[in-house]
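Q: Take this structure, written in structure tokens, and hold onto it; I'll ask about it next.
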Number of protein chains: 6
Amino acid sequence: MSGEVKMVDITGKNISIRIATAEGEIKLKRETIERIVKGEIEKGDVISTAKIAAIMAAKRTSEIIPLCHPIPLTNVNVEVKVLDNERIKVETTVKTEAKTGVEMEAITATAIALITIWDMVKKYEKDEQGGYPHTEINGIKVTLKSKKEISL
Amino acid sequence: MSGEVKMVDITGKNISIRIATAEGEIKLKRETIERIVKGEIEKGDVISTAKIAAIMAAKRTSEIIPLCHPIPLTNVNVEVKVLDNERIKVETTVKTEAKTGVEMEAITATAIALITIWDMVKKYEKDEQGGYPHTEINGIKVTLKSKKEISL
Amino acid sequence: MSGEVKMVDITGKNISIRIATAEGEIKLKRETIERIVKGEIEKGDVISTAKIAAIMAAKRTSEIIPLCHPIPLTNVNVEVKVLDNERIKVETTVKTEAKTGVEMEAITATAIALITIWDMVKKYEKDEQGGYPHTEINGIKVTLKSKKEISL
Amino acid sequence: MSGEVKMVDITGKNISIRIATAEGEIKLKRETIERIVKGEIEKGDVISTAKIAAIMAAKRTSEIIPLCHPIPLTNVNVEVKVLDNERIKVETTVKTEAKTGVEMEAITATAIALITIWDMVKKYEKDEQGGYPHTEINGIKVTLKSKKEISL
Amino acid sequence: MSGEVKMVDITGKNISIRIATAEGEIKLKRETIERIVKGEIEKGDVISTAKIAAIMAAKRTSEIIPLCHPIPLTNVNVEVKVLDNERIKVETTVKTEAKTGVEMEAITATAIALITIWDMVKKYEKDEQGGYPHTEINGIKVTLKSKKEISL
Amino acid sequence: MSGEVKMVDITGKNISIRIATAEGEIKLKRETIERIVKGEIEKGDVISTAKIAAIMAAKRTSEIIPLCHPIPLTNVNVEVKVLDNERIKVETTVKTEAKTGVEMEAITATAIALITIWDMVKKYEKDEQGGYPHTEINGIKVTLKSKKEISL
């Protein structure tokens, strides 16, 4: 009988200031990028919707990723920028004072921001069969992780 | 005063059988892939944890992606396979009978499965500073979308 | 590589009226039962709190039990009664018009009602070490399940 | 032993197109309103954040209001406008095809939009003790409710 | 490209004991108030249902209001009283030991209690078209906010 | 007018290391137990699915049990074992550093694991009418509770 699933026990660990940054990008049609920049997307403001989705997902990471610990986040900062005429980049930095790191929160928030951008521009990315031959999310990785002891 | 955000109104649309498949992959260390295949991951069963996370995320997509409609999913199927000695691929197919498509559910489930795999193997992917120089999620895209009218 | 997890595909199934009833009981100290009956519980109204917890849990069953389908419940009815001087019984009936049954919703709601009763009376059930030598939940089972075709 | 709590049984009801509109307003300082209009709020875009919060709350009403039925919303539309130099008005219209009305969804979404506006401008509304002597939410009411039978 | 949304960074702040009280009222028909007082509401116990809804909403404020930080609440106290023959008042006090205040939690809980009261008495407030010409929520404001340093 | 519901105020309490263990069992058909042991359940891996459901439910206990405080869990450990040819036992240990105990989290996790086992094997437990004459959850109780002061 298999079936091992084990949360890491962080009971004994110290509380430190933890910071993690993750990034990722979404490939879109040139025309879609232009629409986003000009604010001509029918569903509305792509960037603020993606940022809010990311912040809310970061806060709920322990509900979504099965073995993540609940962590009281102290900040979530999401940057969205157009890289070139076919890619948008999302970069999320998460902070906390906790017993474990927040990289899963940063990764989850980044992925959800990218998926939200996709959702906002579906109409312009679809082909005639309703497929998305061009749209793709890539390069989700952790670019920074740091930990600073708190002196009481 | 800007601030436009608009859900698509699907009130008038017909209920159809909707199917969507999305896929994506995660790049891991060769050693980590071997551990997964041999079942030697300390946190336990990577594949079943990733599948469950994906299924549960698919069901909650309308809570996570701001403008998605709530949809009564009738099936979520998640396949996980080792592509080669450094990549694992996730493929998720979502079905429903509803007024709108389920590609965002398939994409969200796929992304959450990939992030869960990462979370399960964090220990083996980390470098000495706690970073993940090697780990990366790529190629999240929609590979199938179909719609079939229901004859009453 | 193991890790099979599969939701049942209900796409092709007909929508029927579905009803399920589950029951269960909690063993409490005689003194606690008396307090409940007299309305002398410091945390307040045990019965209405248990019923509300059950109704809300029934509605969220597909978020809590991994492979349950999301189902639009049309009614949840919770009955709570004192069986004798040491047991309280909870009985929950759930209804829907859906492609699959609602017994997991009835079971989940019943269990959550019983746990909520426990939570409301913790103070009176605890021994000096904070343990609960007497308190126990038993007999959670399905007592009715029915299905009626809908004629269009 | 009191403790009655009863959901309305909607099992037998027909599915109709249901629409409900609710409105409400928040009183803010003249200076705060000016900042919102000029886009000078440090936390960012007040209007789009309020709209997204409202849409997401509408979708989760059955989780928040204990006896509400889960309803598959087909549209949520939120309008935010400056009434005069000290009040902002929110108006939310919710649509569905379901067995029961959506006024609680419209009310909940409106209230959450108004509270989100407050949260976005806390800094400008606070007095020296951190209180809010001026800020107030008023006039939350239902302004439209309609129901249209669906002919199969 | 607009789209600014920024959470306040509370990483550096001290943990203090934080208390906030918010209040608000709902206008109902005289007949409805009488029914509530006499316990003659078909859906059951209005007051305890409203209190539970408020407590549960306070705990989930950071999921509902986009830029609120997750805060480990240590108490939520809800008082409901009949003001006169047409108004019911709700007052909620929230406590925590945290890096930021809990007024948004108190406001959210109060609003949700008032909406829950409305939901419980819908039947008695509706006119013949299903509208609510009389029902209205007013006066949601913060009446107390305090902060006390913790000496270690 | 009744309707008392009161959360316990834990603001003044010290943060201690808290541990609680709860257990419970489910009665299944002999044939079902054999299938679980051999890994021949169509829905997949029963044990890992039950463990994940339990861990995720433990983390969300304060959302499910109305008066529970939100607690930052530091570990959830779930053990599942076949007791004899007709019973499976679940035992869950929950840890935290918090102002209040975690027995409700351990009980909730245990109950959800047992219900998830039921859900995974529904097909083999059902009789011809879709009922479950044999399946039953019993003996949910707290077997350990401890508290250790933290020396700063």
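Chain labels run A, B, ... following the order of the structure tokens; each chain numbers its residues from 1, and ligands are numbered from 1 in the order shown.
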Within 12 Å of C:Arg35, counting only C-alpha atoms, which residues qualify if same-chain residues fewer than 2 places away don't, as a VMD selection string?
A: (chain C and resid 28 to 33 37 to 46 82 85 to 86 120 to 121 123 to 125) or (chain D and resid 1)
Q: Keeping only C-alpha atoms, write the selected residues to a file as a PDB file, in the first residue's frame.
A:
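Resulting contents of again_37.pdb:
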ATOM      1  CA  LEU C  28     -21.095  14.026  25.122  1.00  0.00           C
ATOM      2  CA  LYS C  29     -21.141  14.235  28.922  1.00  0.00           C
ATOM      3  CA  ARG C  30     -24.569  14.144  30.520  1.00  0.00           C
ATOM      4  CA  GLU C  31     -23.873  17.576  31.985  1.00  0.00           C
ATOM      5  CA  THR C  32     -23.035  19.001  28.567  1.00  0.00           C
ATOM      6  CA  ILE C  33     -26.252  17.689  27.050  1.00  0.00           C
ATOM      7  CA  VAL C  37     -30.930  21.726  26.244  1.00  0.00           C
ATOM      8  CA  LYS C  38     -31.132  24.581  28.752  1.00  0.00           C
ATOM      9  CA  GLY C  39     -29.245  26.983  26.461  1.00  0.00           C
ATOM     10  CA  GLU C  40     -26.396  27.418  28.955  1.00  0.00           C
ATOM     11  CA  ILE C  41     -23.426  27.096  26.605  1.00  0.00           C
ATOM     12  CA  GLU C  42     -21.073  30.067  26.818  1.00  0.00           C
ATOM     13  CA  LYS C  43     -20.245  30.085  23.093  1.00  0.00           C
ATOM     14  CA  GLY C  44     -23.951  30.392  22.343  1.00  0.00           C
ATOM     15  CA  ASP C  45     -26.557  28.577  20.327  1.00  0.00           C
ATOM     16  CA  VAL C  46     -25.105  25.130  19.584  1.00  0.00           C
ATOM     17  CA  VAL C  82     -30.920  14.761  21.645  1.00  0.00           C
ATOM     18  CA  ASN C  85     -28.754  11.821  28.002  1.00  0.00           C
ATOM     19  CA  GLU C  86     -25.420  11.294  26.362  1.00  0.00           C
ATOM     20  CA  MET C 120     -19.187  24.695  20.777  1.00  0.00           C
ATOM     21  CA  VAL C 121     -18.970  22.598  23.960  1.00  0.00           C
ATOM     22  CA  LYS C 123     -15.041  23.834  27.541  1.00  0.00           C
ATOM     23  CA  TYR C 124     -17.423  21.370  29.229  1.00  0.00           C
ATOM     24  CA  GLU C 125     -15.953  18.225  27.681  1.00  0.00           C
TER      25      GLU C 125
ATOM     26  CA  MET D   1     -34.086  23.747  22.454  1.00  0.00           C
TER      27      MET D   1
END
Q: Output as a VMD selection string the set of chain D residues within 9 Å of chain C, with distances taken over only C-alpha atoms.
A: chain D and resid 1 to 12 62 to 67 69 to 72 99
Q: Name the closest residue to E:Thr135 among the candidates E:Lys89, E:Lys122, E:Lys13, E:Lys147; distances are taken between atoms, counting only C-alpha atoms.
A: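 That would be E:Lys122, the residue with the smallest distance to E:Thr135.
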Q: May I have all residues of stretch 7-146 of chain D that DSSP, computed from the backbone, assigns to strand (DSSP E), given as a PyMOL selection string?
A: chain D and resi 16-27+73-84+87-98+136-146
Q: The selected residues should be written to file as a short mmCIF file (atom, residue, chain, number, x, y, z; two decimals), in the first residue's frame (atoms: N, CA and C atoms).
A:
data_model
loop_
_atom_site.label_atom_id
_atom_site.label_comp_id
_atom_site.auth_asym_id
_atom_site.auth_seq_id
_atom_site.Cartn_x
_atom_site.Cartn_y
_atom_site.Cartn_z
N SER D 16 -35.40 30.13 -14.75
CA SER D 16 -35.75 31.36 -15.49
C SER D 16 -34.50 32.22 -15.66
N ILE D 17 -34.59 33.17 -16.58
CA ILE D 17 -33.55 34.20 -16.65
C ILE D 17 -33.83 35.19 -15.53
N ARG D 18 -32.87 35.41 -14.69
CA ARG D 18 -33.04 36.26 -13.51
C ARG D 18 -32.05 37.42 -13.58
N ILE D 19 -32.53 38.61 -13.32
CA ILE D 19 -31.67 39.79 -13.29
C ILE D 19 -31.96 40.57 -12.02
N ALA D 20 -30.93 41.08 -11.36
CA ALA D 20 -31.14 41.95 -10.21
C ALA D 20 -30.08 43.04 -10.22
N THR D 21 -30.51 44.24 -9.83
CA THR D 21 -29.57 45.36 -9.70
C THR D 21 -29.63 45.90 -8.27
N ALA D 22 -28.48 46.13 -7.69
CA ALA D 22 -28.42 46.78 -6.37
C ALA D 22 -27.48 47.97 -6.47
N GLU D 23 -27.69 48.95 -5.60
CA GLU D 23 -26.80 50.10 -5.58
C GLU D 23 -26.47 50.50 -4.15
N GLY D 24 -25.49 51.36 -4.00
CA GLY D 24 -25.12 51.88 -2.69
C GLY D 24 -24.07 52.95 -2.90
N GLU D 25 -23.76 53.69 -1.84
CA GLU D 25 -22.78 54.77 -2.01
C GLU D 25 -21.85 54.88 -0.81
N ILE D 26 -20.70 55.49 -1.04
CA ILE D 26 -19.75 55.73 0.04
C ILE D 26 -19.44 57.23 0.08
N LYS D 27 -19.48 57.76 1.31
CA LYS D 27 -19.15 59.16 1.54
C LYS D 27 -17.67 59.26 1.84
N LEU D 73 -23.69 32.18 -12.12
CA LEU D 73 -23.90 33.52 -12.69
C LEU D 73 -23.44 33.58 -14.14
N THR D 74 -24.21 34.27 -14.96
CA THR D 74 -23.84 34.42 -16.38
C THR D 74 -23.28 35.80 -16.68
N ASN D 75 -23.52 36.75 -15.79
CA ASN D 75 -22.91 38.07 -15.93
C ASN D 75 -22.98 38.84 -14.62
N VAL D 76 -21.93 39.64 -14.38
CA VAL D 76 -21.92 40.60 -13.28
C VAL D 76 -21.38 41.89 -13.88
N ASN D 77 -22.17 42.96 -13.81
CA ASN D 77 -21.72 44.24 -14.35
C ASN D 77 -21.71 45.28 -13.24
N VAL D 78 -20.57 45.93 -13.06
CA VAL D 78 -20.43 46.89 -11.96
C VAL D 78 -20.15 48.27 -12.54
N GLU D 79 -20.95 49.24 -12.16
CA GLU D 79 -20.70 50.62 -12.56
C GLU D 79 -20.33 51.43 -11.32
N VAL D 80 -19.30 52.26 -11.46
CA VAL D 80 -18.87 53.11 -10.35
C VAL D 80 -18.88 54.54 -10.86
N LYS D 81 -19.59 55.43 -10.15
CA LYS D 81 -19.48 56.84 -10.59
C LYS D 81 -19.45 57.82 -9.43
N VAL D 82 -18.77 58.93 -9.66
CA VAL D 82 -18.71 60.00 -8.68
C VAL D 82 -20.03 60.74 -8.74
N LEU D 83 -20.75 60.79 -7.63
CA LEU D 83 -22.06 61.45 -7.61
C LEU D 83 -21.92 62.96 -7.49
N ASP D 84 -21.08 63.37 -6.57
CA ASP D 84 -20.81 64.80 -6.38
C ASP D 84 -19.46 64.87 -5.68
N ARG D 87 -19.35 61.92 -2.71
CA ARG D 87 -19.93 60.58 -2.72
C ARG D 87 -19.62 59.81 -4.01
N ILE D 88 -19.33 58.52 -3.85
CA ILE D 88 -19.17 57.64 -5.01
C ILE D 88 -20.27 56.60 -4.95
N LYS D 89 -20.88 56.34 -6.09
CA LYS D 89 -21.98 55.38 -6.15
C LYS D 89 -21.55 54.13 -6.90
N VAL D 90 -21.96 52.98 -6.39
CA VAL D 90 -21.71 51.70 -7.06
C VAL D 90 -23.06 51.08 -7.42
N GLU D 91 -23.16 50.56 -8.63
CA GLU D 91 -24.38 49.89 -9.07
C GLU D 91 -23.99 48.57 -9.72
N THR D 92 -24.54 47.48 -9.24
CA THR D 92 -24.17 46.16 -9.74
C THR D 92 -25.38 45.43 -10.29
N THR D 93 -25.26 44.90 -11.50
CA THR D 93 -26.32 44.09 -12.09
C THR D 93 -25.82 42.66 -12.28
N VAL D 94 -26.58 41.71 -11.77
CA VAL D 94 -26.19 40.31 -11.84
C VAL D 94 -27.24 39.56 -12.66
N LYS D 95 -26.77 38.64 -13.52
CA LYS D 95 -27.69 37.82 -14.32
C LYS D 95 -27.39 36.33 -14.14
N THR D 96 -28.44 35.55 -14.32
CA THR D 96 -28.26 34.10 -14.31
C THR D 96 -29.44 33.44 -15.01
N GLU D 97 -29.29 32.14 -15.30
CA GLU D 97 -30.45 31.30 -15.59
C GLU D 97 -30.48 30.29 -14.48
N ALA D 98 -31.46 30.45 -13.57
CA ALA D 98 -31.45 29.61 -12.38
C ALA D 98 -32.83 29.52 -11.78
N GLU D 136 -18.37 56.76 5.31
CA GLU D 136 -19.61 56.05 5.66
C GLU D 136 -20.25 55.45 4.41
N ILE D 137 -20.76 54.24 4.55
CA ILE D 137 -21.45 53.57 3.45
C ILE D 137 -22.95 53.65 3.70
N ASN D 138 -23.70 54.06 2.70
CA ASN D 138 -25.14 54.25 2.84
C ASN D 138 -25.91 53.79 1.62
N GLY D 139 -27.22 53.68 1.82
CA GLY D 139 -28.13 53.53 0.70
C GLY D 139 -27.98 52.25 -0.11
N ILE D 140 -27.60 51.14 0.54
CA ILE D 140 -27.53 49.88 -0.20
C ILE D 140 -28.95 49.34 -0.36
N LYS D 141 -29.42 49.29 -1.59
CA LYS D 141 -30.78 48.81 -1.84
C LYS D 141 -30.89 48.12 -3.21
N VAL D 142 -31.98 47.42 -3.39
CA VAL D 142 -32.22 46.73 -4.66
C VAL D 142 -33.07 47.65 -5.53
N THR D 143 -32.61 47.94 -6.75
CA THR D 143 -33.36 48.87 -7.60
C THR D 143 -34.07 48.19 -8.77
N LEU D 144 -33.70 46.95 -9.03
CA LEU D 144 -34.37 46.24 -10.12
C LEU D 144 -34.32 44.75 -9.86
N LYS D 145 -35.42 44.07 -10.15
CA LYS D 145 -35.42 42.61 -10.10
C LYS D 145 -36.35 42.13 -11.18
N SER D 146 -35.88 41.24 -12.04
CA SER D 146 -36.79 40.75 -13.06
C SER D 146 -36.55 39.28 -13.33
#
Q: Kindly give the distance, in Å, that separates atom CA of D:Cys68 and atom CA of E:Gly131, rounded to a single decimal.
A: 17.2 Å
Q: Please give the complete set of residues from stretch 81-145 of chain A that DSSP, run on the backbone, assigns to helix (DSSP H, G or I), formatted as a list in words.
A: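 Matching residues, listed in order: Glu103, Met104, Glu105, Ala106, Ile107, Thr108, Ala109, Thr110, Ala111, Ile112, Ala113, Leu114, Ile115, Thr116, Ile117, Trp118, Asp119, Met120, Lys122, Lys123, Tyr124 and Glu125 of chain A.
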